[in-house]
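What's in structure26.cif: mmCIF, C-alpha atoms
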data_target
loop_
_atom_site.label_atom_id
_atom_site.label_comp_id
_atom_site.auth_asym_id
_atom_site.auth_seq_id
_atom_site.Cartn_x
_atom_site.Cartn_y
_atom_site.Cartn_z
CA MET A 1 0.00 0.00 0.00
CA ALA A 2 2.82 2.38 0.73
CA ARG A 3 4.31 1.78 -2.68
CA GLY A 4 0.96 2.39 -4.38
CA GLU A 5 0.48 5.57 -2.45
CA ARG A 6 3.85 6.81 -3.58
CA ARG A 7 2.86 6.17 -7.20
CA ARG A 8 -0.47 7.90 -6.80
CA ARG A 9 1.16 10.79 -5.03
CA GLY A 10 3.85 11.08 -7.67
CA ALA A 11 1.44 11.43 -10.56
CA PRO A 12 0.08 14.78 -9.49
CA VAL A 13 3.61 16.05 -9.05
CA ASP A 14 4.48 15.19 -12.65
CA GLY A 15 1.21 16.70 -13.83
CA ALA A 16 1.91 19.86 -11.89
CA ARG A 17 5.31 20.14 -13.52
CA THR A 18 3.73 19.71 -16.96
CA ALA A 19 1.12 22.32 -16.16
CA GLU A 20 3.84 24.64 -14.87
CA ARG A 21 5.80 24.25 -18.11
CA ALA A 22 2.66 24.89 -20.10
CA ALA A 23 1.97 27.99 -18.00
CA ARG A 24 5.48 29.21 -18.74
CA GLY A 25 4.78 28.97 -22.47
CA GLY A 26 6.69 25.88 -23.40
CA PRO A 27 4.60 25.00 -26.49
CA ALA A 28 4.36 28.67 -27.47
CA ARG A 29 8.13 28.91 -27.34
CA ARG A 30 8.43 25.93 -29.64
CA GLY A 31 5.92 27.58 -32.01
CA GLY A 32 7.90 30.84 -31.99
CA GLU A 33 11.07 28.95 -32.74
CA ALA A 34 9.35 27.30 -35.70
CA ARG A 35 8.10 30.59 -37.03
CA GLY A 36 11.56 32.13 -36.63
CA PHE A 37 13.12 29.30 -38.57
CA ALA A 38 10.55 29.69 -41.35
CA TRP A 39 11.22 33.47 -41.52
CA ARG A 40 14.97 32.93 -41.70
CA ALA A 41 14.53 30.31 -44.41
CA ALA A 42 12.33 32.65 -46.45
CA LEU A 43 14.87 35.47 -46.03
CA GLY A 44 17.64 33.17 -47.16
CA VAL A 45 15.67 32.24 -50.27
CA VAL A 46 15.14 35.94 -51.12
CA VAL A 47 18.81 36.79 -50.60
CA LEU A 48 19.87 33.80 -52.65
CA SER A 49 17.49 34.80 -55.46
CA LEU A 50 18.84 38.35 -55.48
CA ALA A 51 22.42 37.12 -55.49
CA LEU A 52 21.73 34.75 -58.37
CA GLY A 53 19.92 37.50 -60.29
CA LEU A 54 22.74 40.02 -59.81
CA SER A 55 25.39 37.47 -60.69
CA GLY A 56 23.41 36.55 -63.80
CA CYS A 57 23.17 40.22 -64.89
CA TRP A 58 26.87 40.71 -64.23
CA LEU A 59 27.73 37.59 -66.20
CA LEU A 60 25.54 38.74 -69.12
CA GLU A 61 27.16 42.18 -69.18
CA TRP A 62 30.62 40.62 -68.99
CA ARG A 63 29.85 38.34 -71.93
CA ARG A 64 28.50 41.28 -73.94
CA ALA A 65 31.59 43.34 -73.20
CA ARG A 66 33.80 40.43 -74.15
CA ARG A 67 31.98 40.02 -77.45
CA ALA A 68 32.27 43.76 -78.08
CA VAL A 69 36.07 43.80 -77.77
CA THR A 70 36.80 40.42 -79.34
CA LEU A 71 38.08 40.95 -82.88
CA HIS A 72 36.85 38.74 -85.65
CA SER A 73 39.40 36.48 -87.24
CA ALA A 74 38.56 37.77 -90.72
CA PRO A 75 40.86 40.44 -92.19
CA PRO A 76 39.66 44.08 -91.80
CA SER A 77 37.52 45.43 -94.63
CA LEU A 78 39.59 48.64 -94.77
CA PRO A 79 43.32 49.09 -94.22
CA PRO A 80 44.32 50.81 -90.97
CA ASP A 81 45.47 53.93 -92.84
CA SER A 82 42.50 54.12 -95.24
CA SER A 83 41.32 57.45 -93.78
CA SER A 84 44.74 59.09 -93.71
CA PRO A 85 45.41 62.15 -95.91
CA ALA A 86 48.02 60.20 -97.86
CA VAL A 87 45.57 57.46 -98.89
CA ALA A 88 42.30 59.44 -99.14
CA PRO A 89 43.11 63.18 -99.24
CA ASP A 90 39.65 64.10 -100.59
CA LEU A 91 37.99 62.51 -97.55
CA PHE A 92 40.38 63.62 -94.83
CA TRP A 93 38.48 66.85 -94.05
CA GLY A 94 34.70 66.88 -94.01
CA THR A 95 31.46 67.62 -92.17
CA TYR A 96 31.93 64.52 -90.03
CA ARG A 97 30.14 65.95 -87.02
CA PRO A 98 26.67 64.52 -86.44
CA HIS A 99 24.24 66.21 -84.04
CA VAL A 100 25.57 69.73 -84.70
CA TYR A 101 24.16 72.21 -87.18
CA PHE A 102 27.52 72.85 -88.79
CA GLY A 103 31.07 71.71 -88.12
CA MET A 104 34.10 70.09 -89.69
CA LYS A 105 36.83 67.76 -88.49
CA THR A 106 39.53 65.41 -89.66
CA ARG A 107 39.11 61.64 -90.00
CA SER A 108 41.66 60.72 -87.37
CA PRO A 109 41.75 59.40 -83.78
CA LYS A 110 42.58 62.85 -82.33
CA PRO A 111 40.85 65.25 -84.71
CA LEU A 112 40.93 69.01 -84.87
CA LEU A 113 37.32 70.11 -84.32
CA THR A 114 35.71 73.25 -85.73
CA GLY A 115 32.10 74.31 -85.41
CA LEU A 116 29.51 77.07 -85.42
CA MET A 117 27.21 78.39 -82.71
CA TRP A 118 24.91 81.40 -82.84
CA ALA A 119 22.47 83.36 -80.70
CA GLN A 120 19.88 86.07 -81.33
CA GLN A 121 20.10 88.98 -78.92
CA GLY A 122 16.70 90.23 -77.71
CA ALA A 123 14.65 87.84 -79.86
CA THR A 124 12.98 86.32 -76.78
CA PRO A 125 12.82 87.43 -73.12
CA GLY A 126 15.54 86.16 -70.87
CA THR A 127 18.88 84.63 -71.74
CA PRO A 128 19.50 84.27 -75.50
CA LYS A 129 19.30 80.69 -76.74
CA LEU A 130 22.63 79.45 -77.98
CA ARG A 131 22.20 77.26 -81.05
CA HIS A 132 24.71 74.48 -81.54
CA THR A 133 23.42 70.93 -81.36
CA CYS A 134 20.34 69.69 -83.21
CA GLU A 135 17.73 69.22 -80.50
CA GLN A 136 14.15 68.03 -80.83
CA GLY A 137 11.75 70.86 -80.14
CA ASP A 138 14.29 73.71 -80.10
CA GLY A 139 12.30 75.63 -82.71
CA VAL A 140 15.00 75.53 -85.39
CA GLY A 141 14.03 74.29 -88.81
CA PRO A 142 13.63 73.23 -91.38
CA TYR A 143 17.33 72.80 -92.09
CA GLY A 144 19.46 70.58 -94.25
CA TRP A 145 21.99 70.41 -97.05
CA GLU A 146 20.85 71.80 -100.37
CA PHE A 147 24.04 70.57 -102.08
CA HIS A 148 26.75 68.25 -100.79
CA ASP A 149 28.95 66.04 -102.93
CA GLY A 150 30.58 64.36 -99.93
CA LEU A 151 34.03 65.47 -101.06
CA SER A 152 34.67 69.08 -101.90
CA PHE A 153 31.69 71.41 -101.35
CA GLY A 154 28.30 71.83 -99.69
CA ARG A 155 25.60 74.41 -98.96
CA GLN A 156 23.01 74.27 -96.19
CA HIS A 157 20.02 76.42 -95.22
CA ILE A 158 18.91 76.78 -91.59
CA GLN A 159 15.76 78.60 -90.49
CA ASP A 160 15.74 79.96 -86.95
CA GLY A 161 12.69 82.11 -86.31
CA ALA A 162 13.07 85.35 -88.23
CA LEU A 163 16.56 84.36 -89.39
CA LYS A 164 17.82 82.37 -92.33
CA LEU A 165 21.36 81.08 -92.06
CA THR A 166 23.28 79.71 -95.02
CA THR A 167 26.43 77.71 -94.33
CA GLU A 168 28.79 76.91 -97.20
CA PHE A 169 32.15 75.19 -97.46
CA VAL A 170 34.55 74.36 -100.26
CA LYS A 171 37.81 72.40 -100.25
CA ARG A 172 40.88 72.85 -102.41
CA PRO A 173 43.18 69.83 -102.87
CA GLY A 174 46.88 70.05 -102.26
CA GLY A 175 49.58 69.58 -99.68
CA GLN A 176 50.02 66.57 -97.43
CA HIS A 177 46.94 66.94 -95.22
CA GLY A 178 43.92 66.91 -97.49
CA GLY A 179 44.27 70.43 -98.86
CA ASP A 180 42.65 73.65 -97.63
CA TRP A 181 39.00 74.45 -96.88
CA SER A 182 36.94 77.61 -96.51
CA TRP A 183 33.70 78.48 -94.74
CA ARG A 184 31.12 81.17 -95.32
CA VAL A 185 28.13 81.84 -93.07
CA THR A 186 25.43 84.22 -94.29
CA VAL A 187 22.64 85.56 -92.05
CA GLU A 188 19.53 87.10 -93.64
CA PRO A 189 15.95 87.93 -92.60
CA GLN A 190 13.60 85.03 -93.15
CA ALA A 191 10.87 87.19 -94.76
CA SER A 192 11.75 88.69 -98.12
CA GLY A 193 11.82 92.47 -98.27
CA THR A 194 12.60 92.81 -94.55
CA SER A 195 15.62 94.95 -93.82
CA ALA A 196 15.47 94.86 -90.04
CA LEU A 197 17.66 92.14 -88.58
CA PRO A 198 18.10 91.35 -84.89
CA LEU A 199 21.53 91.43 -83.34
CA VAL A 200 23.09 88.05 -84.05
CA SER A 201 26.27 86.66 -82.51
CA LEU A 202 28.09 84.00 -84.50
CA PHE A 203 30.64 81.85 -82.70
CA PHE A 204 33.26 80.00 -84.71
CA TYR A 205 35.28 77.70 -82.47
CA VAL A 206 38.37 75.53 -82.73
CA VAL A 207 38.93 72.72 -80.21
CA THR A 208 41.91 70.45 -79.66
CA ASP A 209 42.44 67.64 -77.16
CA GLY A 210 44.39 69.98 -74.88
CA LYS A 211 47.89 68.86 -75.92
CA GLU A 212 48.08 70.97 -79.08
CA VAL A 213 48.81 74.66 -79.61
CA LEU A 214 46.35 77.40 -80.61
CA VAL A 215 47.39 81.05 -80.66
CA PRO A 216 45.23 84.03 -81.71
CA GLU A 217 46.93 86.65 -83.87
CA VAL A 218 45.62 90.18 -83.47
CA GLY A 219 46.14 92.91 -86.03
CA ALA A 220 47.41 96.45 -85.54
CA LYS A 221 43.93 97.78 -84.72
CA GLY A 222 43.24 95.09 -82.15
CA GLN A 223 41.07 92.92 -84.37
CA LEU A 224 41.49 89.17 -84.61
CA LYS A 225 43.04 88.24 -87.96
CA PHE A 226 44.31 84.67 -87.66
CA ILE A 227 44.31 81.64 -85.40
CA SER A 228 47.58 79.76 -85.68
CA GLY A 229 48.18 76.30 -84.34
CA HIS A 230 50.32 73.20 -84.35
CA SER A 231 49.45 69.52 -83.93
CA SER A 232 51.44 66.32 -84.20
CA GLU A 233 49.30 65.20 -87.13
CA LEU A 234 48.88 68.45 -89.11
CA GLY A 235 52.05 70.27 -88.20
CA ASP A 236 51.67 74.05 -88.45
CA PHE A 237 48.31 75.40 -89.61
CA ARG A 238 46.46 78.71 -89.71
CA PHE A 239 42.85 79.89 -89.83
CA THR A 240 42.34 83.15 -91.70
CA LEU A 241 39.33 85.23 -90.63
CA MET A 242 37.81 87.41 -93.32
CA ALA A 243 36.19 90.69 -92.33
CA PRO A 244 32.44 90.39 -91.65
CA THR A 245 30.35 92.10 -94.32
CA ASN A 246 26.75 93.00 -95.04
CA PRO A 247 25.50 90.79 -97.89
CA GLY A 248 23.68 93.76 -99.43
CA ASP A 249 26.50 96.23 -99.93
CA LEU A 250 29.52 94.16 -98.77
CA ALA A 251 30.17 96.72 -96.04
CA PRO A 252 30.56 95.84 -92.34
CA LYS A 253 27.33 96.23 -90.38
CA TYR A 254 27.96 96.51 -86.66
CA SER A 255 30.40 93.64 -86.88
CA SER A 256 33.58 92.76 -85.09
CA TYR A 257 35.73 89.78 -84.15
CA ASN A 258 36.48 88.95 -80.56
CA VAL A 259 38.50 86.08 -79.20
CA PHE A 260 37.57 83.97 -76.17
CA TRP A 261 40.58 82.54 -74.39
CA SER A 262 41.17 80.44 -71.27
CA SER A 263 40.56 83.19 -68.66
CA ASN A 264 37.21 84.44 -70.08
CA PRO A 265 34.12 83.98 -67.85
CA GLY A 266 31.71 81.46 -69.25
CA LEU A 267 34.33 79.75 -71.40
CA PRO A 268 33.94 76.30 -69.77
CA LEU A 269 30.19 76.45 -70.50
CA LEU A 270 30.78 77.29 -74.17
CA THR A 271 33.41 74.57 -74.42
CA GLU A 272 31.12 72.01 -72.84
CA MET A 273 28.39 72.95 -75.33
CA ALA A 274 30.83 72.69 -78.23
CA VAL A 275 32.34 69.34 -77.25
CA PRO A 276 30.69 67.60 -74.26
CA GLY A 277 33.24 66.21 -71.85
CA GLN A 278 36.00 68.56 -73.03
CA ALA A 279 35.29 71.53 -70.77
CA GLU A 280 38.81 71.40 -69.37
CA ALA A 281 40.51 70.98 -72.73
CA LYS A 282 42.97 73.79 -73.47
CA PRO A 283 43.82 75.71 -75.50
CA TRP A 284 40.41 76.66 -76.91
CA SER A 285 39.65 79.53 -79.21
CA SER A 286 36.60 81.10 -80.74
CA CYS A 287 35.88 84.13 -82.82
CA GLN A 288 32.64 86.02 -82.53
CA ALA A 289 31.04 88.10 -85.27
CA ALA A 290 28.07 90.18 -84.20
CA TYR A 291 25.82 91.45 -87.00
#
Just dump the structure as structure tokens.
Amino acid sequence: MARGERRRRGAPVDGARTAERAARGGPARRGGEARGFAWRAALGVVVLSLALGLSGCWLLEWRRARRAVTLHSAPPSLPPDSSSPAVAPDLFWGTYRPHVYFGMKTRSPKPLLTGLMWAQQGATPGTPKLRHTCEQGDGVGPYGWEFHDGLSFGRQHIQDGALKLTTEFVKRPGGQHGGDWSWRVTVEPQASGTSALPLVSLFFYVVTDGKEVLVPEVGAKGQLKFISGHSSELGDFRFTLMAPTNPGDLAPKYSSYNVFWSSNPGLPLLTEMAVPGQAEAKPWSSCQAAY
């Protein structure tokens, strides 16, 4: 009987301990641990998916870059010096400048860039709009080449509000660097019979990669006459600036040339507009003719 009593008395003790553990949240703790494990597993799946996705994108970009720089085993279609002035002098200089209204350059890895920008003073309120690159919705147009043989000459008309600009170039063969070339830019009222013309500033610029030499040459009366330069490819060269004239009577009409050099305010902005990414390139030169 004593042994049976001990058994019967022991059962409530064990039951009390079980109840005490239940009161302390034993099963709830096990449920929380299960939920925590499930959350960590889900987080691991998300992180693993992101890692695999990023690694896949990186691998795809790497393979694309590798394909882009891997040369084909076939021989090149053109010789390495096919664009040099010795092989193709007629094609060495040209209007090889897309996305600008007018500009010329050489067909070479480090070309000498030339271009045109213009602005109408007082045409619209606020800061005058500087025209340079062909932008959708800038209000310029129509424009395009009327004649261009791809080799030696071309003529283009550009309409900009009340203005009509005509850009022309011609090349003369000779020498060892594709010959010489000349520009002419004419500004006229858009409407026929209109003599009034707003004040227009024309900017002709010359840009190098910063390792070449450009020097403005000023005449006795302080006017810009030439821009001389030197490059490893061209050697010594010179730009001759003709006096601005009025197309009607060939007389100057409120015109002058001014040179912008490295210390002028606003020069980095003009340089950046002329050749994006070259704002620090020096030397840089431009002549301005105001009509």
Run the PyMOL selection byres ((chain A and resi 139) around 8) on the file and write out the hits as an MDAnalysis selection string. chainID A and resid 137:138 140:141 160:161
Just give me the gap between CA of His99 in chain A and CA of Cys134 in chain A in Å, one decimal is fine.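 Calculated distance between CA of His99 in chain A and CA of Cys134 in chain A is 5.3 Å.
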Identify all residues satisfying the PyMOL selection byres ((chain A and resi 167) around 8) in the given file; provide them as a list in words.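 Matching residues under the PyMOL selection byres ((chain A and resi 167) around 8) are Phe102, Arg155, Gln156, His157, Leu165, Thr166, Glu168, Phe169, Trp183, Arg184, Val185 and Thr186 of chain A.
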Pull out every residue that the PyMOL selection byres ((chain A and resi 121) around 10) matches in the shown coordinates and put them as a PyMOL selection string. chain A and resi 118-120+122-130+198-201+290
Filtering to C-alpha atoms, could you give me those residues as a PDB file, in the coordinates of the input?
ATOM      1  CA  TRP A 118      24.910  81.400 -82.840  1.00  0.00           C
ATOM      2  CA  ALA A 119      22.470  83.360 -80.700  1.00  0.00           C
ATOM      3  CA  GLN A 120      19.880  86.070 -81.330  1.00  0.00           C
ATOM      4  CA  GLY A 122      16.700  90.230 -77.710  1.00  0.00           C
ATOM      5  CA  ALA A 123      14.650  87.840 -79.860  1.00  0.00           C
ATOM      6  CA  THR A 124      12.980  86.320 -76.780  1.00  0.00           C
ATOM      7  CA  PRO A 125      12.820  87.430 -73.120  1.00  0.00           C
ATOM      8  CA  GLY A 126      15.540  86.160 -70.870  1.00  0.00           C
ATOM      9  CA  THR A 127      18.880  84.630 -71.740  1.00  0.00           C
ATOM     10  CA  PRO A 128      19.500  84.270 -75.500  1.00  0.00           C
ATOM     11  CA  LYS A 129      19.300  80.690 -76.740  1.00  0.00           C
ATOM     12  CA  LEU A 130      22.630  79.450 -77.980  1.00  0.00           C
ATOM     13  CA  PRO A 198      18.100  91.350 -84.890  1.00  0.00           C
ATOM     14  CA  LEU A 199      21.530  91.430 -83.340  1.00  0.00           C
ATOM     15  CA  VAL A 200      23.090  88.050 -84.050  1.00  0.00           C
ATOM     16  CA  SER A 201      26.270  86.660 -82.510  1.00  0.00           C
ATOM     17  CA  ALA A 290      28.070  90.180 -84.200  1.00  0.00           C
TER      18      ALA A 290
END
Which residues are near range 86-92 of chain A? Cut-off 12 Å, all atoms listed in the file, ignore same chain within fewer than 4 positions. Put them as a PDB file with C-alpha atoms, in the frame of the given file.
ATOM      1  CA  LEU A  78      39.590  48.640 -94.770  1.00  0.00           C
ATOM      2  CA  PRO A  79      43.320  49.090 -94.220  1.00  0.00           C
ATOM      3  CA  PRO A  80      44.320  50.810 -90.970  1.00  0.00           C
ATOM      4  CA  ASP A  81      45.470  53.930 -92.840  1.00  0.00           C
ATOM      5  CA  SER A  82      42.500  54.120 -95.240  1.00  0.00           C
ATOM      6  CA  TYR A  96      31.930  64.520 -90.030  1.00  0.00           C
ATOM      7  CA  MET A 104      34.100  70.090 -89.690  1.00  0.00           C
ATOM      8  CA  LYS A 105      36.830  67.760 -88.490  1.00  0.00           C
ATOM      9  CA  THR A 106      39.530  65.410 -89.660  1.00  0.00           C
ATOM     10  CA  ARG A 107      39.110  61.640 -90.000  1.00  0.00           C
ATOM     11  CA  SER A 108      41.660  60.720 -87.370  1.00  0.00           C
ATOM     12  CA  PRO A 109      41.750  59.400 -83.780  1.00  0.00           C
ATOM     13  CA  PRO A 111      40.850  65.250 -84.710  1.00  0.00           C
ATOM     14  CA  LEU A 112      40.930  69.010 -84.870  1.00  0.00           C
ATOM     15  CA  ASP A 149      28.950  66.040-102.930  1.00  0.00           C
ATOM     16  CA  GLY A 150      30.580  64.360 -99.930  1.00  0.00           C
ATOM     17  CA  LEU A 151      34.030  65.470-101.060  1.00  0.00           C
ATOM     18  CA  SER A 152      34.670  69.080-101.900  1.00  0.00           C
ATOM     19  CA  PHE A 153      31.690  71.410-101.350  1.00  0.00           C
ATOM     20  CA  VAL A 170      34.550  74.360-100.260  1.00  0.00           C
ATOM     21  CA  LYS A 171      37.810  72.400-100.250  1.00  0.00           C
ATOM     22  CA  ARG A 172      40.880  72.850-102.410  1.00  0.00           C
ATOM     23  CA  PRO A 173      43.180  69.830-102.870  1.00  0.00           C
ATOM     24  CA  GLY A 174      46.880  70.050-102.260  1.00  0.00           C
ATOM     25  CA  GLY A 175      49.580  69.580 -99.680  1.00  0.00           C
ATOM     26  CA  GLN A 176      50.020  66.570 -97.430  1.00  0.00           C
ATOM     27  CA  HIS A 177      46.940  66.940 -95.220  1.00  0.00           C
ATOM     28  CA  GLY A 178      43.920  66.910 -97.490  1.00  0.00           C
ATOM     29  CA  GLY A 179      44.270  70.430 -98.860  1.00  0.00           C
ATOM     30  CA  ASP A 180      42.650  73.650 -97.630  1.00  0.00           C
ATOM     31  CA  TRP A 181      39.000  74.450 -96.880  1.00  0.00           C
ATOM     32  CA  GLU A 233      49.300  65.200 -87.130  1.00  0.00           C
ATOM     33  CA  LEU A 234      48.880  68.450 -89.110  1.00  0.00           C
TER      34      LEU A 234
END
Can you work out which one of A:Val259, A:Thr133, A:His148, A:Ala191 has the shortest atom-to-atom distance to Thr95 in chain A, counting only C-alpha atoms?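 Using only C-alpha atoms, Thr95 in chain A sits closest to A:His148.
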How big is the axis-aligned box around the listed atoms of range 90-95 of chain A once 5 Å is added on each side, and where is its centre? Give both in Å to one decimal, as lines of an AutoDock Vina configuration file.
center_x = 35.9
center_y = 65.1
center_z = -96.4
size_x = 18.9
size_y = 15.1
size_z = 18.4
Which residues, written as an mmCIF file with C-alpha atoms, in the frame of the given file, have at least one atom at most 6 Å from Thr114 in chain A, with only C-alpha atoms counted and residues fewer than 3 positions away on the same chain left out?
data_model
loop_
_atom_site.group_PDB
_atom_site.id
_atom_site.type_symbol
_atom_site.label_atom_id
_atom_site.label_comp_id
_atom_site.auth_asym_id
_atom_site.auth_seq_id
_atom_site.Cartn_x
_atom_site.Cartn_y
_atom_site.Cartn_z
ATOM 1 C CA GLY A 103 31.070 71.710 -88.120
ATOM 2 C CA MET A 104 34.100 70.090 -89.690
ATOM 3 C CA TYR A 205 35.280 77.700 -82.470
ATOM 4 C CA VAL A 206 38.370 75.530 -82.730
#
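CA of Met242 in chain A to CA of Ser84 in chain A spans 29.2 Å [interatomic distance, one decimal].
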Incomplete range 215-224 of chain A brought to all heavy atoms, written out as an mmCIF file, in the frame of the given file:
data_model
loop_
_atom_site.group_PDB
_atom_site.id
_atom_site.type_symbol
_atom_site.label_atom_id
_atom_site.label_comp_id
_atom_site.auth_asym_id
_atom_site.auth_seq_id
_atom_site.Cartn_x
_atom_site.Cartn_y
_atom_site.Cartn_z
ATOM 1 N N VAL A 215 46.977 79.698 -81.028
ATOM 2 C CA VAL A 215 47.390 81.050 -80.660
ATOM 3 C C VAL A 215 46.624 82.048 -81.517
ATOM 4 O O VAL A 215 46.683 81.974 -82.755
ATOM 5 C CB VAL A 215 48.906 81.260 -80.856
ATOM 6 C CG1 VAL A 215 49.291 82.684 -80.495
ATOM 7 C CG2 VAL A 215 49.694 80.263 -80.028
ATOM 8 N N PRO A 216 45.883 82.998 -80.919
ATOM 9 C CA PRO A 216 45.230 84.030 -81.710
ATOM 10 C C PRO A 216 46.232 85.100 -82.143
ATOM 11 O O PRO A 216 47.126 85.477 -81.377
ATOM 12 C CB PRO A 216 44.186 84.599 -80.749
ATOM 13 C CG PRO A 216 44.767 84.364 -79.391
ATOM 14 C CD PRO A 216 45.576 83.098 -79.483
ATOM 15 N N GLU A 217 46.076 85.589 -83.349
ATOM 16 C CA GLU A 217 46.930 86.650 -83.870
ATOM 17 C C GLU A 217 46.067 87.885 -84.113
ATOM 18 O O GLU A 217 45.119 87.848 -84.907
ATOM 19 C CB GLU A 217 47.599 86.201 -85.176
ATOM 20 C CG GLU A 217 48.521 85.000 -85.005
ATOM 21 C CD GLU A 217 49.234 84.647 -86.293
ATOM 22 O OE1 GLU A 217 49.438 85.550 -87.128
ATOM 23 O OE2 GLU A 217 49.581 83.460 -86.477
ATOM 24 N N VAL A 218 46.395 88.945 -83.429
ATOM 25 C CA VAL A 218 45.620 90.180 -83.470
ATOM 26 C C VAL A 218 46.344 91.203 -84.330
ATOM 27 O O VAL A 218 47.572 91.335 -84.257
ATOM 28 C CB VAL A 218 45.393 90.724 -82.034
ATOM 29 C CG1 VAL A 218 44.551 91.991 -82.062
ATOM 30 C CG2 VAL A 218 44.721 89.658 -81.170
ATOM 31 N N GLY A 219 45.575 91.912 -85.156
ATOM 32 C CA GLY A 219 46.140 92.910 -86.030
ATOM 33 C C GLY A 219 46.508 94.196 -85.319
ATOM 34 O O GLY A 219 46.373 94.313 -84.086
ATOM 35 N N ALA A 220 46.955 95.178 -86.115
ATOM 36 C CA ALA A 220 47.410 96.450 -85.540
ATOM 37 C C ALA A 220 46.294 97.203 -84.835
ATOM 38 O O ALA A 220 46.524 97.919 -83.863
ATOM 39 C CB ALA A 220 48.027 97.306 -86.642
ATOM 40 N N LYS A 221 45.062 97.067 -85.304
ATOM 41 C CA LYS A 221 43.930 97.780 -84.720
ATOM 42 C C LYS A 221 43.209 96.957 -83.649
ATOM 43 O O LYS A 221 42.112 97.313 -83.223
ATOM 44 C CB LYS A 221 42.950 98.164 -85.814
ATOM 45 C CG LYS A 221 43.532 99.145 -86.829
ATOM 46 C CD LYS A 221 42.478 99.547 -87.850
ATOM 47 C CE LYS A 221 43.060 100.540 -88.869
ATOM 48 N NZ LYS A 221 42.043 100.951 -89.881
ATOM 49 N N GLY A 222 43.821 95.882 -83.210
ATOM 50 C CA GLY A 222 43.240 95.090 -82.150
ATOM 51 C C GLY A 222 42.209 94.082 -82.592
ATOM 52 O O GLY A 222 41.539 93.487 -81.745
ATOM 53 N N GLN A 223 42.040 93.878 -83.875
ATOM 54 C CA GLN A 223 41.070 92.920 -84.370
ATOM 55 C C GLN A 223 41.738 91.570 -84.634
ATOM 56 O O GLN A 223 42.888 91.512 -85.065
ATOM 57 C CB GLN A 223 40.402 93.429 -85.643
ATOM 58 C CG GLN A 223 39.532 94.660 -85.433
ATOM 59 C CD GLN A 223 38.804 95.047 -86.702
ATOM 60 O OE1 GLN A 223 39.134 94.596 -87.786
ATOM 61 N NE2 GLN A 223 37.805 95.906 -86.558
ATOM 62 N N LEU A 224 40.980 90.523 -84.399
ATOM 63 C CA LEU A 224 41.490 89.170 -84.610
ATOM 64 C C LEU A 224 41.610 88.901 -86.104
ATOM 65 O O LEU A 224 40.651 89.058 -86.858
ATOM 66 C CB LEU A 224 40.549 88.158 -83.963
ATOM 67 C CG LEU A 224 40.964 86.690 -84.027
ATOM 68 C CD1 LEU A 224 42.241 86.462 -83.241
ATOM 69 C CD2 LEU A 224 39.844 85.798 -83.493
#
